[in-house]
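S.K.: Structure file data34.pdb (PDB, C-alpha atoms, pLDDT in the B column) is given on the next line.
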ATOM      1  CA  MET A 812      -0.362  28.018  -9.944  1.00 51.00           C
ATOM      2  CA  GLY A 813      -1.896  25.084  -8.115  1.00 53.00           C
ATOM      3  CA  LEU A 814      -3.735  24.735  -4.838  1.00 54.00           C
ATOM      4  CA  TYR A 815      -0.552  24.659  -2.799  1.00 46.00           C
ATOM      5  CA  ARG A 816       0.831  27.883  -4.288  1.00 52.00           C
ATOM      6  CA  LEU A 817      -2.403  29.617  -3.368  1.00 40.00           C
ATOM      7  CA  ALA A 818      -2.170  28.305   0.168  1.00 48.00           C
ATOM      8  CA  LEU A 819       1.396  29.606   0.521  1.00 44.00           C
ATOM      9  CA  ALA A 820       0.283  33.073  -0.543  1.00 41.00           C
ATOM     10  CA  VAL A 821      -1.145  33.620   2.933  1.00 36.00           C
ATOM     11  CA  GLU A 822       1.817  32.126   4.807  1.00 47.00           C
ATOM     12  CA  ALA A 823       5.515  32.933   4.617  1.00 46.00           C
ATOM     13  CA  GLU A 824       7.942  30.116   3.955  1.00 47.00           C
ATOM     14  CA  PRO A 825       9.945  29.282   7.116  1.00 48.00           C
ATOM     15  CA  ALA A 826      13.718  29.379   6.695  1.00 45.00           C
ATOM     16  CA  GLY A 827      15.583  26.089   6.708  1.00 46.00           C
ATOM     17  CA  LYS A 828      14.119  22.855   7.963  1.00 47.00           C
ATOM     18  CA  PRO A 829      10.853  23.115   9.907  1.00 48.00           C
ATOM     19  CA  GLU A 830      11.171  22.574  13.640  1.00 55.00           C
ATOM     20  CA  LEU A 831       9.535  19.503  15.123  1.00 63.00           C
ATOM     21  CA  THR A 832       6.469  20.977  16.797  1.00 85.00           C
ATOM     22  CA  THR A 833       3.208  19.622  18.114  1.00 90.00           C
ATOM     23  CA  ALA A 834       1.493  21.003  15.021  1.00 91.00           C
ATOM     24  CA  LEU A 835       3.913  19.185  12.707  1.00 92.00           C
ATOM     25  CA  LEU A 836       3.552  15.931  14.610  1.00 94.00           C
ATOM     26  CA  GLY A 837      -0.205  16.301  14.376  1.00 95.00           C
ATOM     27  CA  ALA A 838       0.135  16.995  10.645  1.00 97.00           C
ATOM     28  CA  VAL A 839       2.121  13.772  10.153  1.00 97.00           C
ATOM     29  CA  VAL A 840      -0.489  11.733  12.020  1.00 97.00           C
ATOM     30  CA  ALA A 841      -3.371  13.435  10.200  1.00 97.00           C
ATOM     31  CA  SER A 842      -1.740  12.896   6.795  1.00 98.00           C
ATOM     32  CA  TYR A 843      -1.138   9.217   7.507  1.00 98.00           C
ATOM     33  CA  LEU A 844      -4.679   8.647   8.775  1.00 98.00           C
ATOM     34  CA  LEU A 845      -6.153  10.481   5.789  1.00 98.00           C
ATOM     35  CA  GLY A 846      -4.083   8.395   3.392  1.00 97.00           C
ATOM     36  CA  ALA A 847      -4.965   5.232   5.315  1.00 97.00           C
ATOM     37  CA  ILE A 848      -8.707   5.585   4.707  1.00 97.00           C
ATOM     38  CA  PRO A 849      -9.373   2.361   2.735  1.00 96.00           C
ATOM     39  CA  THR A 850     -11.903   3.924   0.390  1.00 94.00           C
ATOM     40  CA  SER A 851     -12.231   1.086  -2.087  1.00 95.00           C
ATOM     41  CA  HIS A 852     -12.483  -1.513   0.689  1.00 94.00           C
ATOM     42  CA  TRP A 853     -15.188   0.365   2.561  1.00 95.00           C
ATOM     43  CA  VAL A 854     -17.190   1.006  -0.618  1.00 95.00           C
ATOM     44  CA  ALA A 855     -16.992  -2.598  -1.848  1.00 95.00           C
ATOM     45  CA  HIS A 856     -17.620  -4.145   1.555  1.00 93.00           C
ATOM     46  CA  GLY A 857     -20.190  -1.635   2.754  1.00 93.00           C
ATOM     47  CA  LEU A 858     -22.310  -1.511  -0.392  1.00 91.00           C
ATOM     48  CA  LYS A 859     -21.872  -4.977  -1.892  1.00 90.00           C
ATOM     49  CA  GLY A 860     -20.406  -7.142   0.864  1.00 93.00           C
ATOM     50  CA  ILE A 861     -17.254  -7.767  -1.198  1.00 94.00           C
ATOM     51  CA  ASP A 862     -13.824  -7.975   0.419  1.00 93.00           C
ATOM     52  CA  LEU A 863     -11.426  -6.730  -2.268  1.00 92.00           C
ATOM     53  CA  ARG A 864      -8.559  -8.454  -0.467  1.00 90.00           C
ATOM     54  CA  THR A 865     -10.017 -11.817  -1.473  1.00 90.00           C
ATOM     55  CA  VAL A 866     -11.024 -11.114  -5.090  1.00 89.00           C
ATOM     56  CA  GLY A 867      -9.288 -10.001  -8.272  1.00 79.00           C
ATOM     57  CA  SER A 868      -5.762  -8.839  -7.529  1.00 76.00           C
ATOM     58  CA  GLY A 869      -6.451  -8.549  -3.802  1.00 81.00           C
ATOM     59  CA  ASN A 870      -5.334  -4.936  -4.128  1.00 86.00           C
ATOM     60  CA  LEU A 871      -7.246  -2.155  -2.368  1.00 90.00           C
ATOM     61  CA  GLY A 872      -7.180   0.331  -5.224  1.00 88.00           C
ATOM     62  CA  ALA A 873      -9.587   1.861  -7.714  1.00 89.00           C
ATOM     63  CA  THR A 874      -8.548  -0.542 -10.493  1.00 86.00           C
ATOM     64  CA  ASN A 875      -9.523  -3.642  -8.544  1.00 89.00           C
ATOM     65  CA  LEU A 876     -12.715  -1.900  -7.467  1.00 92.00           C
ATOM     66  CA  TYR A 877     -13.481  -1.172 -11.122  1.00 89.00           C
ATOM     67  CA  ARG A 878     -12.950  -4.812 -12.058  1.00 85.00           C
ATOM     68  CA  GLN A 879     -15.460  -5.879  -9.412  1.00 90.00           C
ATOM     69  CA  LEU A 880     -18.083  -3.096  -9.414  1.00 92.00           C
ATOM     70  CA  GLY A 881     -17.488  -0.936 -12.492  1.00 90.00           C
ATOM     71  CA  TRP A 882     -16.811   2.745 -13.210  1.00 90.00           C
ATOM     72  CA  ARG A 883     -19.804   3.965 -11.190  1.00 92.00           C
ATOM     73  CA  TYR A 884     -17.919   3.163  -8.005  1.00 94.00           C
ATOM     74  CA  ALA A 885     -14.296   3.324  -9.187  1.00 93.00           C
ATOM     75  CA  ILE A 886     -14.304   6.923 -10.451  1.00 94.00           C
ATOM     76  CA  PRO A 887     -15.420   8.638  -7.208  1.00 96.00           C
ATOM     77  CA  VAL A 888     -13.100   6.381  -5.201  1.00 96.00           C
ATOM     78  CA  GLY A 889     -10.191   7.259  -7.482  1.00 94.00           C
ATOM     79  CA  ILE A 890     -10.942  10.975  -7.094  1.00 95.00           C
ATOM     80  CA  PHE A 891     -11.105  10.632  -3.314  1.00 97.00           C
ATOM     81  CA  ASP A 892      -7.797   8.740  -3.304  1.00 96.00           C
ATOM     82  CA  MET A 893      -6.240  11.623  -5.249  1.00 96.00           C
ATOM     83  CA  MET A 894      -7.555  14.120  -2.709  1.00 96.00           C
ATOM     84  CA  LYS A 895      -5.871  12.085   0.033  1.00 97.00           C
ATOM     85  CA  GLY A 896      -2.579  13.194  -1.523  1.00 96.00           C
ATOM     86  CA  ALA A 897      -3.579  16.769  -2.385  1.00 95.00           C
ATOM     87  CA  ILE A 898      -5.022  17.756   1.000  1.00 96.00           C
ATOM     88  CA  PRO A 899      -1.800  17.275   3.026  1.00 96.00           C
ATOM     89  CA  VAL A 900       0.085  19.396   0.470  1.00 94.00           C
ATOM     90  CA  ALA A 901      -2.496  22.137   0.005  1.00 93.00           C
ATOM     91  CA  VAL A 902      -4.137  22.289   3.445  1.00 95.00           C
ATOM     92  CA  ILE A 903      -2.515  20.334   6.284  1.00 96.00           C
ATOM     93  CA  GLY A 904       1.081  21.361   5.557  1.00 94.00           C
ATOM     94  CA  PRO A 905       0.427  25.120   5.312  1.00 93.00           C
ATOM     95  CA  TRP A 906      -1.744  24.954   8.424  1.00 92.00           C
ATOM     96  CA  ALA A 907       1.083  23.309  10.379  1.00 93.00           C
ATOM     97  CA  GLY A 908       3.722  25.696   9.006  1.00 91.00           C
ATOM     98  CA  ALA A 909       5.563  22.823   7.338  1.00 91.00           C
ATOM     99  CA  GLY A 910       6.827  24.873   4.394  1.00 90.00           C
ATOM    100  CA  ALA A 911       6.817  23.841   0.751  1.00 88.00           C
ATOM    101  CA  ILE A 912       9.028  20.762   1.031  1.00 90.00           C
ATOM    102  CA  GLY A 913       7.592  19.735   4.389  1.00 93.00           C
ATOM    103  CA  SER A 914       4.084  19.843   2.936  1.00 93.00           C
ATOM    104  CA  LEU A 915       5.175  17.730  -0.013  1.00 93.00           C
ATOM    105  CA  LEU A 916       6.638  15.171   2.393  1.00 94.00           C
ATOM    106  CA  LEU A 917       3.326  15.099   4.266  1.00 96.00           C
ATOM    107  CA  GLY A 918       1.799  14.030   0.965  1.00 96.00           C
ATOM    108  CA  VAL A 919       4.324  11.193   0.823  1.00 96.00           C
ATOM    109  CA  VAL A 920       3.215  10.203   4.333  1.00 97.00           C
ATOM    110  CA  ALA A 921      -0.344   9.983   2.963  1.00 97.00           C
ATOM    111  CA  VAL A 922       0.914   7.675   0.208  1.00 97.00           C
ATOM    112  CA  PHE A 923       2.401   5.365   2.815  1.00 96.00           C
ATOM    113  CA  GLY A 924      -0.933   5.494   4.625  1.00 97.00           C
ATOM    114  CA  HIS A 925      -2.705   4.454   1.429  1.00 96.00           C
ATOM    115  CA  VAL A 926      -0.297   1.587   0.757  1.00 96.00           C
ATOM    116  CA  PHE A 927       0.013   0.439   4.395  1.00 96.00           C
ATOM    117  CA  SER A 928      -3.355   1.210   5.982  1.00 96.00           C
ATOM    118  CA  LEU A 929      -3.715   0.360   9.663  1.00 96.00           C
ATOM    119  CA  PHE A 930      -7.465  -0.010   9.114  1.00 96.00           C
ATOM    120  CA  VAL A 931      -7.034  -3.123   6.946  1.00 94.00           C
ATOM    121  CA  GLY A 932      -4.033  -4.916   8.368  1.00 93.00           C
ATOM    122  CA  PHE A 933      -1.477  -2.579   6.769  1.00 93.00           C
ATOM    123  CA  LYS A 934      -2.566  -3.485   3.268  1.00 91.00           C
ATOM    124  CA  GLY A 935      -3.695  -1.043   0.592  1.00 92.00           C
ATOM    125  CA  GLY A 936      -3.266   0.137  -2.981  1.00 92.00           C
ATOM    126  CA  LYS A 937      -0.147   1.017  -4.962  1.00 92.00           C
ATOM    127  CA  GLY A 938      -0.231   4.760  -4.245  1.00 92.00           C
ATOM    128  CA  VAL A 939      -0.698   5.945  -7.832  1.00 94.00           C
ATOM    129  CA  ALA A 940      -3.817   8.062  -7.357  1.00 94.00           C
ATOM    130  CA  THR A 941      -2.672   9.414  -3.974  1.00 95.00           C
ATOM    131  CA  GLY A 942       0.772  10.211  -5.364  1.00 94.00           C
ATOM    132  CA  GLY A 943      -0.847  11.930  -8.324  1.00 94.00           C
ATOM    133  CA  GLY A 944      -2.856  14.018  -5.894  1.00 94.00           C
ATOM    134  CA  ILE A 945       0.378  15.303  -4.332  1.00 94.00           C
ATOM    135  CA  VAL A 946       1.581  16.615  -7.680  1.00 94.00           C
ATOM    136  CA  LEU A 947      -1.851  17.988  -8.543  1.00 91.00           C
ATOM    137  CA  GLY A 948      -1.658  20.069  -5.366  1.00 81.00           C
ATOM    138  CA  PHE A 949       1.379  22.095  -6.481  1.00 87.00           C
ATOM    139  CA  ALA A 950       2.214  21.262 -10.120  1.00 92.00           C
ATOM    140  CA  PRO A 951      -1.013  20.674 -12.074  1.00 93.00           C
ATOM    141  CA  TRP A 952       0.581  20.758 -15.549  1.00 96.00           C
ATOM    142  CA  ALA A 953       3.071  18.058 -14.608  1.00 97.00           C
ATOM    143  CA  PHE A 954       0.169  16.046 -13.226  1.00 95.00           C
ATOM    144  CA  LEU A 955      -1.706  16.374 -16.534  1.00 96.00           C
ATOM    145  CA  VAL A 956       1.362  15.165 -18.469  1.00 97.00           C
ATOM    146  CA  ALA A 957       1.657  12.096 -16.237  1.00 96.00           C
ATOM    147  CA  LEU A 958      -2.084  11.469 -16.542  1.00 95.00           C
ATOM    148  CA  LEU A 959      -1.859  11.663 -20.344  1.00 97.00           C
ATOM    149  CA  VAL A 960       1.064   9.208 -20.341  1.00 97.00           C
ATOM    150  CA  TRP A 961      -0.973   6.864 -18.142  1.00 95.00           C
ATOM    151  CA  ILE A 962      -4.052   7.078 -20.385  1.00 95.00           C
ATOM    152  CA  VAL A 963      -2.156   6.585 -23.665  1.00 97.00           C
ATOM    153  CA  THR A 964       0.022   3.750 -22.327  1.00 97.00           C
ATOM    154  CA  THR A 965      -2.887   1.911 -20.731  1.00 93.00           C
ATOM    155  CA  ARG A 966      -4.997   2.359 -23.860  1.00 93.00           C
ATOM    156  CA  LEU A 967      -2.297   1.119 -26.264  1.00 95.00           C
ATOM    157  CA  SER A 968      -0.802  -1.672 -24.145  1.00 95.00           C
ATOM    158  CA  GLY A 969      -3.745  -2.734 -22.014  1.00 91.00           C
ATOM    159  CA  TYR A 970      -1.538  -2.707 -18.904  1.00 93.00           C
ATOM    160  CA  VAL A 971      -2.598  -0.340 -16.117  1.00 91.00           C
ATOM    161  CA  SER A 972       0.596  -1.110 -14.216  1.00 93.00           C
ATOM    162  CA  LEU A 973       2.780  -0.126 -17.192  1.00 96.00           C
ATOM    163  CA  GLY A 974       0.822   3.106 -17.570  1.00 96.00           C
ATOM    164  CA  SER A 975       1.340   3.845 -13.874  1.00 95.00           C
ATOM    165  CA  ILE A 976       5.086   3.164 -14.058  1.00 96.00           C
ATOM    166  CA  LEU A 977       5.615   5.326 -17.160  1.00 97.00           C
ATOM    167  CA  GLY A 978       3.399   8.046 -15.717  1.00 97.00           C
ATOM    168  CA  ALA A 979       5.577   8.087 -12.592  1.00 96.00           C
ATOM    169  CA  LEU A 980       8.704   8.316 -14.753  1.00 97.00           C
ATOM    170  CA  ALA A 981       7.203  11.265 -16.652  1.00 97.00           C
ATOM    171  CA  LEU A 982       6.595  13.344 -13.510  1.00 96.00           C
ATOM    172  CA  PRO A 983      10.133  14.632 -12.695  1.00 96.00           C
ATOM    173  CA  PRO A 984      10.982  15.939 -16.201  1.00 97.00           C
ATOM    174  CA  ALA A 985       7.477  17.375 -16.581  1.00 97.00           C
ATOM    175  CA  LEU A 986       7.899  19.226 -13.281  1.00 96.00           C
ATOM    176  CA  TRP A 987      11.324  20.523 -14.317  1.00 97.00           C
ATOM    177  CA  PHE A 988      10.193  21.893 -17.681  1.00 97.00           C
ATOM    178  CA  LEU A 989       6.635  23.034 -16.925  1.00 97.00           C
ATOM    179  CA  HIS A 990       7.070  24.418 -13.393  1.00 96.00           C
ATOM    180  CA  PRO A 991      10.468  26.186 -13.196  1.00 96.00           C
ATOM    181  CA  SER A 992       9.547  27.824  -9.887  1.00 93.00           C
ATOM    182  CA  GLU A 993       9.070  24.366  -8.332  1.00 91.00           C
ATOM    183  CA  ARG A 994      12.382  22.823  -9.432  1.00 94.00           C
ATOM    184  CA  SER A 995      13.561  22.539  -5.836  1.00 93.00           C
ATOM    185  CA  ALA A 996      10.886  19.851  -5.429  1.00 93.00           C
ATOM    186  CA  VAL A 997      12.293  17.646  -8.227  1.00 95.00           C
ATOM    187  CA  PRO A 998      14.407  15.438  -5.895  1.00 95.00           C
ATOM    188  CA  TYR A 999      11.341  14.757  -3.761  1.00 93.00           C
ATOM    189  CA  VAL A1000       9.203  13.985  -6.808  1.00 95.00           C
ATOM    190  CA  LEU A1001      11.963  11.630  -7.959  1.00 96.00           C
ATOM    191  CA  MET A1002      11.635   9.906  -4.574  1.00 94.00           C
ATOM    192  CA  LEU A1003       7.854   9.722  -4.998  1.00 94.00           C
ATOM    193  CA  SER A1004       8.217   8.252  -8.496  1.00 96.00           C
ATOM    194  CA  ALA A1005      10.729   5.702  -7.217  1.00 96.00           C
ATOM    195  CA  LEU A1006       8.320   4.670  -4.465  1.00 94.00           C
ATOM    196  CA  VAL A1007       5.448   4.186  -6.914  1.00 94.00           C
ATOM    197  CA  ILE A1008       7.677   2.060  -9.157  1.00 96.00           C
ATOM    198  CA  TRP A1009       8.925   0.046  -6.168  1.00 95.00           C
ATOM    199  CA  PHE A1010       5.328  -0.621  -5.106  1.00 93.00           C
ATOM    200  CA  HIS A1011       4.854  -2.092  -8.619  1.00 94.00           C
ATOM    201  CA  ARG A1012       7.837  -4.433  -8.422  1.00 94.00           C
ATOM    202  CA  ALA A1013       5.606  -7.538  -8.581  1.00 91.00           C
ATOM    203  CA  ASN A1014       3.859  -6.080 -11.642  1.00 92.00           C
ATOM    204  CA  ILE A1015       7.243  -5.475 -13.273  1.00 95.00           C
ATOM    205  CA  ARG A1016       8.178  -9.118 -12.762  1.00 95.00           C
ATOM    206  CA  ARG A1017       4.887 -10.207 -14.351  1.00 92.00           C
ATOM    207  CA  LEU A1018       5.336  -7.794 -17.259  1.00 94.00           C
ATOM    208  CA  MET A1019       8.796  -9.230 -17.937  1.00 94.00           C
ATOM    209  CA  ALA A1020       7.425 -12.765 -17.701  1.00 94.00           C
ATOM    210  CA  GLY A1021       4.463 -11.965 -19.954  1.00 93.00           C
ATOM    211  CA  THR A1022       1.935 -12.945 -17.289  1.00 91.00           C
ATOM    212  CA  GLU A1023       0.567  -9.533 -16.340  1.00 89.00           C
ATOM    213  CA  ASN A1024      -3.199  -9.236 -16.765  1.00 82.00           C
ATOM    214  CA  ARG A1025      -4.440  -6.773 -19.380  1.00 84.00           C
ATOM    215  CA  PHE A1026      -6.983  -4.150 -18.419  1.00 75.00           C
ATOM    216  CA  GLY A1027     -10.461  -4.756 -19.802  1.00 63.00           C
ATOM    217  CA  THR A1028     -10.074  -8.510 -20.333  1.00 54.00           C
ATOM    218  CA  GLY A1029     -12.232  -9.589 -17.455  1.00 47.00           C
ATOM    219  CA  ARG A1030     -11.770  -9.849 -13.745  1.00 46.00           C
ATOM    220  CA  SER A1031      -8.151 -10.042 -12.705  1.00 41.00           C
ATOM    221  CA  THR A1032      -6.227 -12.351 -10.482  1.00 41.00           C
ATOM    222  CA  THR A1033      -3.099 -10.225 -10.721  1.00 42.00           C
ATOM    223  CA  GLY A1034      -1.807  -6.832 -11.593  1.00 44.00           C
ATOM    224  CA  ALA A1035      -4.229  -4.154 -10.442  1.00 48.00           C
ATOM    225  CA  THR A1036      -2.793  -0.821  -9.477  1.00 55.00           C
ATOM    226  CA  THR A1037      -3.540   2.489  -7.721  1.00 55.00           C
TER     227      THR A1037
END
What does this structure look like when you write it as structure tokens?

M.R.:
Amino acid sequence: MGLYRLALAVEAEPAGKPELTTALLGAVVASYLLGAIPTSHWVAHGLKGIDLRTVGSGNLGATNLYRQLGWRYAIPVGIFDMMKGAIPVAVIGPWAGAGAIGSLLLGVVAVFGHVFSLFVGFKGGKGVATGGGIVLGFAPWAFLVALLVWIVTTRLSGYVSLGSILGALALPPALWFLHPSERSAVPYVLMLSALVIWFHRANIRRLMAGTENRFGTGRSTTGATT
């Protein structure tokens, strides 16, 4: 049923739109600050003295971290970035009485925190892992479909950005077919998918021009994601 469904079992869904309360305002701030934690930057800079903004793609995501330091560091950072999206949906939203849709939107706030982090000059990643964490929090089967699309596409094409874009496109139909009880969230997941694709607009231009860097071909100067 997902972490979020379990959380809602102990709290009734408020009718209509949630009122703007101190708790909800605090939830928005907390979700943004959680999403804004620049995990990859702190790991690379704190452990190796590397500023990811000046190497590889310049992107503060797990892919660029992998290109510089390897899987040993990228995997736990990627997992933490996913949790930055899941926690607002499964924990912060229910605590604040935000309701199902309100909690999902708090996850979107965390994505914006990840992409525009105040801790690093409003720079960040592309929001893929954090956005995936949102879906994992309430629709785990849809998340697994998107993850499979990402893995297969990246493996066959060599483009992480293409895998991320197609994975985002796979989320809304996967949610519709695999989680009928969550269909009211489809418009918001469509918005999330559109945001992820928009954050990859530079990658799309490079893919169309044939200049996008392939994953696994050495350290990148362009094209990292997450």

S.K.: Quick one: everything within 12 Å of Val946 (chain A), counting only C-alpha atoms, minus sequence neighbours fewer than 6 positions away in the same chain. Send it as a PyMOL selection string.

M.R.: chain A and resi 812-816+893-901+914-916+918-919+922+939-940+952-958+978-979+981-983+985-986+990+993+996-997+999-1001+1003-1004

S.K.: May I have the residues at most 10 Å from (-6.8, -9.6, -2.0) in the file's coordinates, counting only C-alpha atoms, as an MDAnalysis selection string?

M.R.: chainID A and resid 862:871 875 934:935 1032:1033

S.K.: Which one of A:Gly837, A:Pro984, A:Gly846, A:Pro887 sits closest to Gly942 (chain A) if you count all atoms listed in the file?

M.R.: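 Closest to Gly942 (chain A) of all the choices is A:Gly846.
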
S.K.: Edge lengths and centre, in Å to one decimal, as JSON: that's what I need for the box along x, y and z that holds all listed atoms of region 894-912 of chain A plus 8 Å on each side.

M.R.:
{"center_x": 0.7, "center_y": 18.9, "center_z": 3.8, "size_x": 32.6, "size_y": 29.6, "size_z": 29.1}

S.K.: From the options A:Gly938, A:Gly889, A:Gly913, A:Gly924, which residue's atoms come nearest to Val1007 (chain A), counting all atoms listed in the file?

M.R.: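 Smallest distance to Val1007 (chain A) is found for A:Gly938.
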
S.K.: Can you pull out every residue within 8 Å of Ala834 (chain A), counting only C-alpha atoms, but drop anything in the same chain fewer than 3 positions away, and send it as a PyMOL selection string?

M.R.: chain A and resi 837-838+907-908

S.K.: I want to know what sits within 12 Å of Phe930 (chain A), based on all atoms listed in the file, with residues of the same chain fewer than 2 positions away left out; could you give that as a PyMOL selection string?

M.R.: chain A and resi 843-850+852-853+871+924-928+932-935

S.K.: Rounded to one decimal, what separation in Å do you get between CA of Ser975 (chain A) and CA of Gln879 (chain A)?

M.R.: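 Going from CA of Ser975 (chain A) over to CA of Gln879 (chain A) covers 19.9 Å.
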
S.K.: Report, in Å with one decimal, the straight-line distance from CA of Ser851 (chain A) to CA of Leu929 (chain A).

M.R.: 14.5 Å
